[in-house]
>>> print(open('structure.txt').read())   # compact mmCIF, C-alpha atoms
# COMPACT_ATOMS: atom_id res chain seq x y z
CA MET A 813 -2.59 -15.79 -17.07
CA ARG A 814 -6.33 -15.62 -16.57
CA ALA A 815 -8.37 -13.34 -18.81
CA ILE A 816 -10.89 -10.96 -17.25
CA PRO A 817 -14.31 -11.26 -18.94
CA LEU A 818 -14.78 -8.32 -21.32
CA LEU A 819 -18.35 -7.77 -20.17
CA LEU A 820 -17.91 -8.35 -16.46
CA LEU A 821 -20.12 -5.31 -16.02
CA LEU A 822 -23.07 -4.99 -18.39
CA PRO A 823 -23.80 -1.39 -19.43
CA LEU A 824 -26.99 -0.18 -17.77
CA SER A 825 -27.33 3.05 -19.75
CA LEU A 826 -26.48 2.35 -23.39
CA PRO A 827 -24.90 5.08 -25.56
CA TRP A 828 -28.11 6.10 -27.30
CA GLY A 829 -30.07 6.73 -24.08
CA GLN A 830 -33.55 5.63 -23.09
CA LEU A 831 -36.23 5.00 -25.69
CA GLN A 832 -39.77 6.18 -25.05
CA ALA A 833 -42.99 4.93 -26.58
CA ALA A 834 -45.04 7.44 -28.58
CA THR A 835 -48.41 8.68 -27.34
CA GLU A 836 -51.15 10.76 -28.95
CA GLU A 837 -49.65 13.89 -27.41
CA ASP A 838 -46.43 13.27 -29.33
CA TRP A 839 -48.11 13.97 -32.67
CA SER A 840 -47.77 17.75 -32.62
CA PRO A 841 -45.95 19.98 -35.14
CA GLU A 842 -43.22 20.78 -32.61
CA ASP A 843 -42.26 17.10 -32.34
CA TRP A 844 -41.15 17.07 -35.98
CA ILE A 845 -38.48 19.71 -35.29
CA ASP A 846 -35.11 18.35 -34.15
CA THR A 847 -34.08 20.75 -31.37
CA PRO A 848 -31.68 20.22 -28.45
CA THR A 849 -33.28 19.02 -25.23
CA ARG A 850 -31.89 19.11 -21.71
CA GLU A 851 -30.99 15.67 -20.42
CA PRO A 852 -32.41 14.84 -16.98
CA THR A 853 -30.35 14.10 -13.88
CA SER A 854 -29.96 10.36 -13.41
CA LEU A 855 -28.25 8.09 -10.91
CA TYR A 856 -27.69 4.33 -11.07
CA ALA A 857 -26.20 1.62 -8.89
CA SER A 858 -25.67 -2.03 -9.80
CA PHE A 859 -23.96 -5.22 -8.70
CA THR A 860 -22.50 -7.90 -10.99
CA ARG A 861 -21.35 -11.40 -10.11
CA ASP A 862 -20.15 -14.25 -12.35
CA GLN A 863 -19.66 -17.99 -12.02
CA GLN A 864 -16.01 -17.54 -11.01
CA ARG A 865 -17.19 -15.36 -8.08
CA ASN A 866 -15.74 -12.19 -9.57
CA GLN A 867 -17.95 -9.30 -8.51
CA THR A 868 -18.32 -5.61 -9.40
CA LEU A 869 -20.10 -2.72 -7.70
CA SER A 870 -20.97 0.15 -10.06
CA LEU A 871 -22.16 3.70 -9.49
CA GLY A 872 -22.96 6.34 -12.10
CA LEU A 873 -24.23 9.91 -12.22
CA SER A 874 -25.42 12.01 -15.16
CA LEU A 875 -25.82 15.69 -14.35
CA PRO A 876 -26.98 18.51 -16.68
CA LEU A 877 -25.06 21.80 -16.50
CA GLY A 878 -27.53 24.17 -18.08
CA ASP A 879 -29.14 23.54 -21.48
CA LYS A 880 -25.93 23.03 -23.46
CA ALA A 881 -23.59 21.08 -21.16
CA GLY A 882 -23.62 17.90 -19.12
CA LEU A 883 -21.35 15.92 -16.82
CA SER A 884 -21.25 12.12 -16.46
CA LEU A 885 -19.30 10.27 -13.75
CA PHE A 886 -18.90 6.55 -13.08
CA LEU A 887 -17.12 4.25 -10.64
CA ASP A 888 -16.69 0.48 -10.97
CA ARG A 889 -14.97 -1.45 -8.18
CA SER A 890 -14.23 -5.13 -8.89
CA ARG A 891 -12.98 -8.01 -6.78
CA LEU A 892 -11.25 -10.65 -8.93
CA GLN A 893 -10.72 -14.22 -7.76
CA GLY A 894 -7.14 -15.23 -8.61
CA ASP A 895 -5.14 -18.36 -7.91
CA GLY A 896 -4.99 -18.44 -4.14
CA GLU A 897 -5.67 -14.74 -3.55
CA ASN A 898 -8.06 -11.94 -4.51
CA PHE A 899 -7.25 -8.84 -6.54
CA ASP A 900 -9.02 -5.49 -6.66
CA SER A 901 -9.51 -3.44 -9.80
CA SER A 902 -11.02 0.02 -10.34
CA ASP A 903 -12.53 1.75 -13.36
CA ILE A 904 -13.15 5.44 -12.65
CA GLY A 905 -14.00 8.14 -15.16
CA GLY A 906 -15.78 11.33 -16.01
CA GLU A 907 -16.78 13.18 -19.15
CA LEU A 908 -17.92 16.74 -19.82
CA GLY A 909 -20.09 17.29 -22.89
CA LEU A 910 -20.83 20.60 -24.60
CA ARG A 911 -23.49 21.13 -27.28
CA ILE A 912 -22.26 23.64 -29.87
CA ASP A 913 -25.41 23.54 -32.00
CA GLU A 914 -28.14 21.11 -33.01
CA ARG A 915 -25.71 18.86 -34.91
CA LEU A 916 -22.38 19.17 -33.08
CA GLN A 917 -21.30 18.13 -29.59
CA LEU A 918 -17.80 18.21 -28.08
CA PHE A 919 -16.52 15.99 -25.25
CA GLY A 920 -13.57 15.88 -22.89
CA GLY A 921 -12.85 13.34 -20.17
CA TYR A 922 -10.47 11.24 -18.11
CA ARG A 923 -10.47 7.52 -17.26
CA TYR A 924 -8.39 5.55 -14.75
CA GLN A 925 -8.24 1.74 -14.77
CA GLY A 926 -6.38 -0.80 -12.66
CA GLN A 927 -4.94 -0.85 -9.18
CA ALA A 928 -1.95 0.84 -7.55
CA GLY A 929 0.99 -1.55 -7.23
CA ASP A 930 -0.28 -3.87 -9.99
CA LEU A 931 -1.35 -2.12 -13.18
CA GLU A 932 -2.44 1.50 -13.64
CA ILE A 933 -3.77 3.13 -16.82
CA GLY A 934 -4.83 6.76 -17.11
CA ARG A 935 -6.04 8.38 -20.33
CA TRP A 936 -7.30 11.86 -21.20
CA SER A 937 -9.76 11.95 -24.09
CA LEU A 938 -11.29 14.41 -26.55
CA GLY A 939 -14.21 13.68 -28.84
CA ALA A 940 -16.84 15.09 -31.16
CA ARG A 941 -20.30 13.90 -32.18
CA LEU A 942 -21.84 15.03 -35.45
CA GLY A 943 -25.48 14.40 -36.37
CA GLY A 944 -28.91 14.19 -34.78
CA GLU A 945 -30.89 11.56 -32.91
CA ARG A 946 -31.72 9.55 -36.06
CA LEU A 947 -28.11 9.12 -37.19
CA ALA A 948 -24.84 10.37 -35.68
CA LEU A 949 -21.11 9.73 -35.88
CA ARG A 950 -18.76 10.16 -32.93
CA ILE A 951 -14.94 10.14 -33.00
CA ASP A 952 -12.69 10.07 -29.91
CA TYR A 953 -8.96 10.27 -29.27
CA ALA A 954 -7.37 9.31 -25.94
CA ASN A 955 -3.78 9.41 -24.75
CA GLY A 956 -2.00 8.66 -21.50
CA PRO A 957 0.54 6.51 -19.68
CA GLY A 958 0.17 3.05 -18.23
CA THR A 959 2.35 1.61 -15.46
CA VAL A 960 3.09 -2.10 -15.02
CA TYR A 961 4.55 -3.15 -11.65
CA ALA A 962 6.92 -5.96 -10.71
CA ARG A 963 6.39 -8.35 -7.82
CA ASP A 964 7.34 -6.97 -4.42
CA ASP A 965 8.80 -10.27 -3.17
CA LEU A 966 11.66 -10.69 -5.68
CA PRO A 967 15.19 -11.34 -4.35
CA PRO A 968 17.19 -8.07 -4.01
CA ASN A 969 20.03 -9.41 -6.15
CA TRP A 970 17.70 -9.64 -9.18
CA ARG A 971 17.94 -5.85 -9.60
CA VAL A 972 14.54 -5.62 -11.29
CA ALA A 973 12.93 -2.19 -11.70
CA SER A 974 9.87 -1.82 -9.49
CA SER A 975 7.74 -0.53 -12.38
CA ARG A 976 7.76 0.40 -16.05
CA ASP A 977 5.75 3.09 -17.82
CA ILE A 978 4.10 2.49 -21.19
CA ASP A 979 2.63 5.31 -23.27
CA SER A 980 -0.58 4.48 -25.10
CA GLU A 981 -3.17 6.09 -27.35
CA ARG A 982 -6.62 5.13 -28.57
CA TRP A 983 -8.81 6.06 -31.53
CA SER A 984 -12.53 5.26 -31.44
CA LEU A 985 -15.37 5.60 -33.92
CA GLN A 986 -19.05 5.08 -33.12
CA LEU A 987 -22.07 5.23 -35.41
CA ASP A 988 -25.52 5.20 -33.83
CA GLY A 989 -29.10 5.74 -34.89
CA SER A 990 -32.67 5.29 -33.73
CA GLY A 991 -36.28 4.97 -34.81
CA SER A 992 -39.59 5.40 -33.00
CA ASP A 993 -39.15 2.32 -30.78
CA TRP A 994 -35.65 0.99 -31.53
CA ALA A 995 -32.02 2.10 -31.62
CA TRP A 996 -28.65 0.66 -32.67
CA PHE A 997 -24.94 1.41 -32.52
CA ALA A 998 -21.64 0.15 -33.92
CA ALA A 999 -18.34 1.08 -32.22
CA TRP A 1000 -14.70 0.37 -33.10
CA SER A 1001 -11.57 1.16 -31.05
CA ASP A 1002 -7.87 0.76 -31.91
CA PHE A 1003 -5.09 0.96 -29.29
CA ASP A 1004 -1.40 1.69 -29.89
CA TYR A 1005 1.33 1.15 -27.26
CA ALA A 1006 4.89 2.48 -27.19
CA SER A 1007 6.17 -0.96 -26.16
CA ASP A 1008 5.51 -4.43 -27.54
CA LEU A 1009 3.17 -5.94 -24.93
CA SER A 1010 3.12 -9.36 -26.64
CA ARG A 1011 6.43 -10.09 -24.87
CA ILE A 1012 4.49 -10.36 -21.61
CA GLY A 1013 2.33 -13.15 -23.01
CA SER A 1014 5.24 -15.07 -24.57
CA SER A 1015 7.97 -14.70 -21.92
CA ALA A 1016 7.83 -16.99 -18.89
CA LEU A 1017 10.48 -14.82 -17.19
CA LEU A 1018 8.38 -11.65 -17.51
CA GLN A 1019 5.35 -13.49 -16.13
CA LEU A 1020 7.47 -14.53 -13.16
CA ILE A 1021 8.70 -10.96 -12.57
CA LEU A 1022 5.42 -9.07 -12.99
CA SER A 1023 2.92 -8.55 -10.20
CA PRO A 1024 0.24 -11.29 -10.17
CA GLY A 1025 -2.37 -8.53 -10.05
CA ALA A 1026 -1.01 -7.07 -13.29
CA LEU A 1027 -1.37 -10.42 -15.03
CA GLU A 1028 -4.90 -10.85 -13.69
CA GLN A 1029 -5.85 -7.48 -15.21
CA ALA A 1030 -4.14 -8.05 -18.57
CA ASP A 1031 -7.42 -7.57 -20.44
CA LEU A 1032 -7.23 -3.87 -19.56
CA LEU A 1033 -4.60 -3.73 -22.32
CA PRO A 1034 -6.57 -4.46 -25.52
CA GLU A 1035 -5.29 -4.02 -29.04
CA ARG A 1036 -8.65 -3.73 -30.79
CA GLN A 1037 -12.32 -3.71 -29.77
CA LEU A 1038 -15.55 -3.96 -31.76
CA ARG A 1039 -19.10 -3.61 -30.36
CA LEU A 1040 -22.53 -3.90 -31.98
CA GLY A 1041 -25.78 -3.21 -30.14
CA LEU A 1042 -29.53 -3.13 -30.66
CA GLN A 1043 -32.19 -1.75 -28.30
CA TRP A 1044 -35.96 -1.95 -28.67
CA LEU A 1045 -39.17 -1.37 -26.71
CA ALA A 1046 -41.36 -4.25 -25.55
CA GLY A 1047 -44.37 -2.56 -23.98
CA GLU A 1048 -43.10 -0.49 -21.05
CA ASP A 1049 -39.86 -2.46 -20.91
CA SER A 1050 -36.69 -1.76 -22.85
CA LEU A 1051 -34.45 -4.61 -24.08
CA ALA A 1052 -30.87 -4.22 -25.27
CA LEU A 1053 -28.65 -6.83 -26.94
CA GLN A 1054 -24.92 -6.25 -27.36
CA TRP A 1055 -22.13 -8.27 -28.99
CA ALA A 1056 -18.49 -7.35 -28.38
CA GLN A 1057 -15.15 -8.64 -29.58
CA SER A 1058 -11.76 -7.76 -28.11
CA ARG A 1059 -8.21 -8.68 -29.17
CA ASN A 1060 -5.70 -8.62 -26.31
CA ALA A 1061 -2.37 -6.84 -26.84
CA VAL A 1062 -0.61 -9.10 -24.30
CA ASP A 1063 -1.41 -12.58 -25.63
CA SER A 1064 -3.30 -11.74 -28.89
CA ASN A 1065 -6.30 -13.78 -27.73
CA ILE A 1066 -9.66 -12.82 -29.28
CA SER A 1067 -12.65 -12.84 -26.93
CA ASP A 1068 -16.32 -12.61 -28.01
CA SER A 1069 -19.02 -11.58 -25.55
CA LEU A 1070 -22.80 -11.37 -25.62
CA ALA A 1071 -24.99 -9.39 -23.21
CA LEU A 1072 -28.72 -8.88 -22.79
CA ASP A 1073 -30.12 -6.06 -20.62
CA LEU A 1074 -33.66 -5.40 -19.42
CA ASN A 1075 -34.95 -2.04 -18.14
CA HIS A 1076 -38.27 -2.32 -16.29
CA PRO A 1077 -39.90 0.86 -14.87
CA LEU A 1078 -41.03 0.57 -11.27
CA SER A 1079 -42.42 4.13 -11.13
CA GLU A 1080 -42.15 7.38 -13.04
CA ASN A 1081 -38.65 8.01 -11.68
CA LEU A 1082 -37.30 4.56 -10.79
CA ALA A 1083 -36.36 1.62 -13.03
CA LEU A 1084 -35.08 -1.89 -12.37
CA GLN A 1085 -32.07 -2.99 -14.43
CA LEU A 1086 -31.33 -6.68 -15.03
CA GLY A 1087 -28.64 -8.14 -17.25
CA ILE A 1088 -27.04 -11.41 -18.26
CA GLY A 1089 -23.71 -11.74 -20.05
CA HIS A 1090 -21.45 -14.47 -21.34
CA VAL A 1091 -17.94 -14.55 -22.77
CA LEU A 1092 -18.41 -17.02 -25.60
CA ASP A 1093 -15.19 -18.97 -24.96
CA SER A 1094 -15.97 -22.35 -23.42
CA ASP A 1095 -13.90 -21.74 -20.27
CA GLN A 1096 -15.39 -18.33 -19.44
CA PRO A 1097 -18.24 -17.70 -16.99
CA TRP A 1098 -21.76 -16.33 -17.21
CA SER A 1099 -22.44 -13.12 -15.31
CA LEU A 1100 -25.59 -11.58 -13.80
CA THR A 1101 -26.25 -7.90 -13.10
CA ALA A 1102 -28.97 -6.27 -11.01
CA GLY A 1103 -29.35 -2.56 -10.39
CA LEU A 1104 -31.59 0.47 -9.98
CA GLU A 1105 -31.71 3.69 -11.98
CA TRP A 1106 -33.31 6.91 -10.75
CA ILE A 1107 -34.22 9.68 -13.20
CA ALA A 1108 -35.28 13.12 -11.98
CA ASP A 1109 -38.39 14.86 -13.31
>>> encode(input="structure.txt", output="structure tokens")
Amino acid sequence: MRAIPLLLLLPLSLPWGQLQAATEEDWSPEDWIDTPTREPTSLYASFTRDQQRNQTLSLGLSLPLGDKAGLSLFLDRSRLQGDGENFDSSDIGGELGLRIDERLQLFGGYRYQGQAGDLEIGRWSLGARLGGERLALRIDYANGPGTVYARDDLPPNWRVASSRDIDSERWSLQLDGSGSDWAWFAAWSDFDYASDLSRIGSSALLQLILSPGALEQADLLPERQLRLGLQWLAGEDSLALQWAQSRNAVDSNISDSLALDLNHPLSENLALQLGIGHVLDSDQPWSLTAGLEWIAD
């Protein structure tokens, strides 16, 4: 069973948003008042490739819906290099956010991960964010089924079910804050499954029965995740450093990852995104990301 790198795709737009350097015009009385602002429309596209020739194409859209609501959509399509064949994997999601007042935001969304015929996971989520730009706490709950598929070339007399559904839920907490030219976040997620997935990692028979694509995407079934990030301005550029740790529910392996992202403005509306990531286990590859982000006026 080969583990998928946790940070195969480096995040191009971190949770706290883009930092901006202060100018003389910023020092006005109005800038001391914490009032809601309308987020701009933004669009990004990126491509990631690692040393094992896994590759991911990513697209994302952030769209304001008036002054108090916004919609974000993303699509990641990955090609994984397995033993003797390639496997595809998708990560598709959307989230609708609603600002209730200056200190409270509500969120609702859906996320699909995996590939039909191998492993499919779909979760609906609800969340709330309390606080301002300087310090805020967000809590999310997600629930939905996952489906694990068997191989399609098993002998008929084995009488193996073609698939099995697994209910799952997730709780997440995130604390983030920012200063004049820096920002940080800390996020924790806990996953609970209706079935004991560790049997997949310990049973040679189950590994023989399950679809090879399901085993290749086993890291889509984590038990716990922890992420810490720091972002700061360096002139016109923005740098972001992120550390992440994930414990797998299938084989209980713990994976640590480190990622560094650079945002370099090319014009007032266009920015170049570059990233490098590494899963800190000795047998895991480095990955490189390059992309563009467009932000409307």
>>> atom_distance(input="structure.txt", atom1="atom CA of A:Ser1099", atom2="atom CA of A:Leu873")
23.3 Å
>>> residues_around(input="structure.txt", residues="stretch 1060-1072 of chain A", least_positions_apart="3", cutoff="7 Å", atoms="all atoms listed in the file", output="list in words")
Leu818, Leu819, Leu822, Leu1009, Ser1010, Ile1012, Gly1013, Ala1030, Asp1031, Leu1033, Pro1034, Glu1035, Ala1052, Leu1053, Gln1054, Trp1055, Ala1056, Gln1057, Gly1087, Ile1088, Gly1089, His1090, Val1091, Leu1092 and Asp1093 of chain A
>>> write_last_selection(input="structure.txt", atoms="C-alpha atoms", output="PDB file, in the frame of the given file")
ATOM      1  CA  LEU A 818     -14.780  -8.320 -21.320  1.00  0.00           C
ATOM      2  CA  LEU A 819     -18.350  -7.770 -20.170  1.00  0.00           C
ATOM      3  CA  LEU A 822     -23.070  -4.990 -18.390  1.00  0.00           C
ATOM      4  CA  LEU A1009       3.170  -5.940 -24.930  1.00  0.00           C
ATOM      5  CA  SER A1010       3.120  -9.360 -26.640  1.00  0.00           C
ATOM      6  CA  ILE A1012       4.490 -10.360 -21.610  1.00  0.00           C
ATOM      7  CA  GLY A1013       2.330 -13.150 -23.010  1.00  0.00           C
ATOM      8  CA  ALA A1030      -4.140  -8.050 -18.570  1.00  0.00           C
ATOM      9  CA  ASP A1031      -7.420  -7.570 -20.440  1.00  0.00           C
ATOM     10  CA  LEU A1033      -4.600  -3.730 -22.320  1.00  0.00           C
ATOM     11  CA  PRO A1034      -6.570  -4.460 -25.520  1.00  0.00           C
ATOM     12  CA  GLU A1035      -5.290  -4.020 -29.040  1.00  0.00           C
ATOM     13  CA  ALA A1052     -30.870  -4.220 -25.270  1.00  0.00           C
ATOM     14  CA  LEU A1053     -28.650  -6.830 -26.940  1.00  0.00           C
ATOM     15  CA  GLN A1054     -24.920  -6.250 -27.360  1.00  0.00           C
ATOM     16  CA  TRP A1055     -22.130  -8.270 -28.990  1.00  0.00           C
ATOM     17  CA  ALA A1056     -18.490  -7.350 -28.380  1.00  0.00           C
ATOM     18  CA  GLN A1057     -15.150  -8.640 -29.580  1.00  0.00           C
ATOM     19  CA  GLY A1087     -28.640  -8.140 -17.250  1.00  0.00           C
ATOM     20  CA  ILE A1088     -27.040 -11.410 -18.260  1.00  0.00           C
ATOM     21  CA  GLY A1089     -23.710 -11.740 -20.050  1.00  0.00           C
ATOM     22  CA  HIS A1090     -21.450 -14.470 -21.340  1.00  0.00           C
ATOM     23  CA  VAL A1091     -17.940 -14.550 -22.770  1.00  0.00           C
ATOM     24  CA  LEU A1092     -18.410 -17.020 -25.600  1.00  0.00           C
ATOM     25  CA  ASP A1093     -15.190 -18.970 -24.960  1.00  0.00           C
TER      26      ASP A1093
END
>>> residues_around(input="structure.txt", residues="A:Arg946", least_positions_apart="4", cutoff="8 Å", atoms="all atoms listed in the file", output="list in words")
Asp988, Gly989, Ser990 and Gly991 of chain A
>>> residues_near_point(input="structure.txt", point="(-1.9, 0.9, -10.0)", cutoff="9 Å", atoms="only C-alpha atoms", output="list in words")
Ser901, Gln925, Gly926, Gln927, Ala928, Gly929, Asp930, Leu931, Glu932, Ile933, Gly958, Thr959, Val960, Tyr961 and Ala1026 of chain A
>>> closest_atom_pairs(input="structure.txt", of="stretch 977-1049 of chain A", to="stretch 880-894 of chain A", cutoff="12 Å", atoms="only C-alpha atoms", output="CSV")
residue,atom,partner,partner_atom,distance
A:Pro1024,CA,A:Gly894,CA,8.5
A:Gly1025,CA,A:Gly894,CA,8.3
A:Ala1026,CA,A:Gly894,CA,11.2
A:Leu1027,CA,A:Gly894,CA,9.9
A:Glu1028,CA,A:Gly894,CA,7.1
A:Gln1029,CA,A:Leu892,CA,8.9
>>> residues_around(input="structure.txt", residues="A:Arg915", least_positions_apart="5", cutoff="8 Å", atoms="all atoms listed in the file", output="PyMOL selection string")
chain A and resi 941-944
>>> atom_distance(input="structure.txt", atom1="atom CA of A:Gln1037", atom2="atom CA of A:Asp952")
13.8 Å
>>> atom_distance(input="structure.txt", atom1="atom CA of A:Tyr1005", atom2="atom CA of A:Ser870")
28.2 Å
>>> residues_around(input="structure.txt", residues="A:Phe919", least_positions_apart="5", cutoff="9 Å", atoms="only C-alpha atoms", output="list in words")
Glu907, Leu908, Gly909, Leu910, Arg911, Ser937, Leu938, Gly939, Ala940, Arg941 and Asp952 of chain A
>>> closest_residue(input="structure.txt", among="A:Asn866, A:Glu1048, A:Ala1108, A:Gly956", to="A:Asn898", atoms="all atoms listed in the file")
A:Asn866
>>> closest_residue(input="structure.txt", among="A:Asp1049, A:Asp1002, A:Leu871, A:Arg865", to="A:Leu1104", atoms="all atoms listed in the file")
A:Leu871
>>> build_atoms(input="structure.txt", residues="stretch 876-885 of chain A", atoms="all heavy atoms", output="mmCIF file, in the frame of the given file")
data_model
loop_
_atom_site.group_PDB
_atom_site.id
_atom_site.type_symbol
_atom_site.label_atom_id
_atom_site.label_comp_id
_atom_site.auth_asym_id
_atom_site.auth_seq_id
_atom_site.Cartn_x
_atom_site.Cartn_y
_atom_site.Cartn_z
ATOM 1 N N PRO A 876 -26.972 17.402 -15.723
ATOM 2 C CA PRO A 876 -26.980 18.510 -16.680
ATOM 3 C C PRO A 876 -26.367 19.768 -16.072
ATOM 4 O O PRO A 876 -26.545 20.050 -14.890
ATOM 5 C CB PRO A 876 -28.472 18.703 -16.977
ATOM 6 C CG PRO A 876 -29.164 18.207 -15.744
ATOM 7 C CD PRO A 876 -28.320 17.081 -15.230
ATOM 8 N N LEU A 877 -25.649 20.519 -16.906
ATOM 9 C CA LEU A 877 -25.060 21.800 -16.500
ATOM 10 C C LEU A 877 -25.620 22.873 -17.425
ATOM 11 O O LEU A 877 -24.964 23.319 -18.357
ATOM 12 C CB LEU A 877 -23.534 21.738 -16.584
ATOM 13 C CG LEU A 877 -22.843 20.639 -15.771
ATOM 14 C CD1 LEU A 877 -21.357 20.630 -16.048
ATOM 15 C CD2 LEU A 877 -23.121 20.819 -14.285
ATOM 16 N N GLY A 878 -26.854 23.257 -17.182
ATOM 17 C CA GLY A 878 -27.530 24.170 -18.080
ATOM 18 C C GLY A 878 -28.124 23.412 -19.261
ATOM 19 O O GLY A 878 -28.250 22.187 -19.248
ATOM 20 N N ASP A 879 -28.490 24.137 -20.317
ATOM 21 C CA ASP A 879 -29.140 23.540 -21.480
ATOM 22 C C ASP A 879 -28.152 23.032 -22.521
ATOM 23 O O ASP A 879 -28.544 22.300 -23.424
ATOM 24 C CB ASP A 879 -30.075 24.555 -22.142
ATOM 25 C CG ASP A 879 -31.249 24.915 -21.248
ATOM 26 O OD1 ASP A 879 -31.642 24.053 -20.431
ATOM 27 O OD2 ASP A 879 -31.754 26.050 -21.364
ATOM 28 N N LYS A 880 -26.882 23.386 -22.421
ATOM 29 C CA LYS A 880 -25.930 23.030 -23.460
ATOM 30 C C LYS A 880 -24.748 22.206 -22.963
ATOM 31 O O LYS A 880 -23.830 21.910 -23.733
ATOM 32 C CB LYS A 880 -25.398 24.297 -24.150
ATOM 33 C CG LYS A 880 -26.451 25.038 -24.963
ATOM 34 C CD LYS A 880 -25.833 26.229 -25.684
ATOM 35 C CE LYS A 880 -26.862 26.918 -26.574
ATOM 36 N NZ LYS A 880 -27.292 26.053 -27.676
ATOM 37 N N ALA A 881 -24.724 21.830 -21.701
ATOM 38 C CA ALA A 881 -23.590 21.080 -21.160
ATOM 39 C C ALA A 881 -24.086 20.006 -20.204
ATOM 40 O O ALA A 881 -25.182 20.110 -19.638
ATOM 41 C CB ALA A 881 -22.604 22.007 -20.456
ATOM 42 N N GLY A 882 -23.280 18.977 -20.037
ATOM 43 C CA GLY A 882 -23.620 17.900 -19.120
ATOM 44 C C GLY A 882 -22.386 17.189 -18.636
ATOM 45 O O GLY A 882 -21.343 17.163 -19.309
ATOM 46 N N LEU A 883 -22.462 16.624 -17.435
ATOM 47 C CA LEU A 883 -21.350 15.920 -16.820
ATOM 48 C C LEU A 883 -21.788 14.508 -16.470
ATOM 49 O O LEU A 883 -22.852 14.308 -15.883
ATOM 50 C CB LEU A 883 -20.893 16.645 -15.555
ATOM 51 C CG LEU A 883 -19.768 15.994 -14.744
ATOM 52 C CD1 LEU A 883 -18.471 15.993 -15.542
ATOM 53 C CD2 LEU A 883 -19.586 16.710 -13.406
ATOM 54 N N SER A 884 -20.984 13.509 -16.824
ATOM 55 C CA SER A 884 -21.250 12.120 -16.460
ATOM 56 C C SER A 884 -20.052 11.564 -15.697
ATOM 57 O O SER A 884 -18.902 11.766 -16.094
ATOM 58 C CB SER A 884 -21.530 11.263 -17.696
ATOM 59 O OG SER A 884 -20.420 11.273 -18.579
ATOM 60 N N LEU A 885 -20.321 10.864 -14.596
ATOM 61 C CA LEU A 885 -19.300 10.270 -13.750
ATOM 62 C C LEU A 885 -19.648 8.811 -13.496
ATOM 63 O O LEU A 885 -20.820 8.452 -13.389
ATOM 64 C CB LEU A 885 -19.210 11.005 -12.405
ATOM 65 C CG LEU A 885 -18.937 12.506 -12.447
ATOM 66 C CD1 LEU A 885 -19.108 13.110 -11.063
ATOM 67 C CD2 LEU A 885 -17.533 12.797 -12.980
#
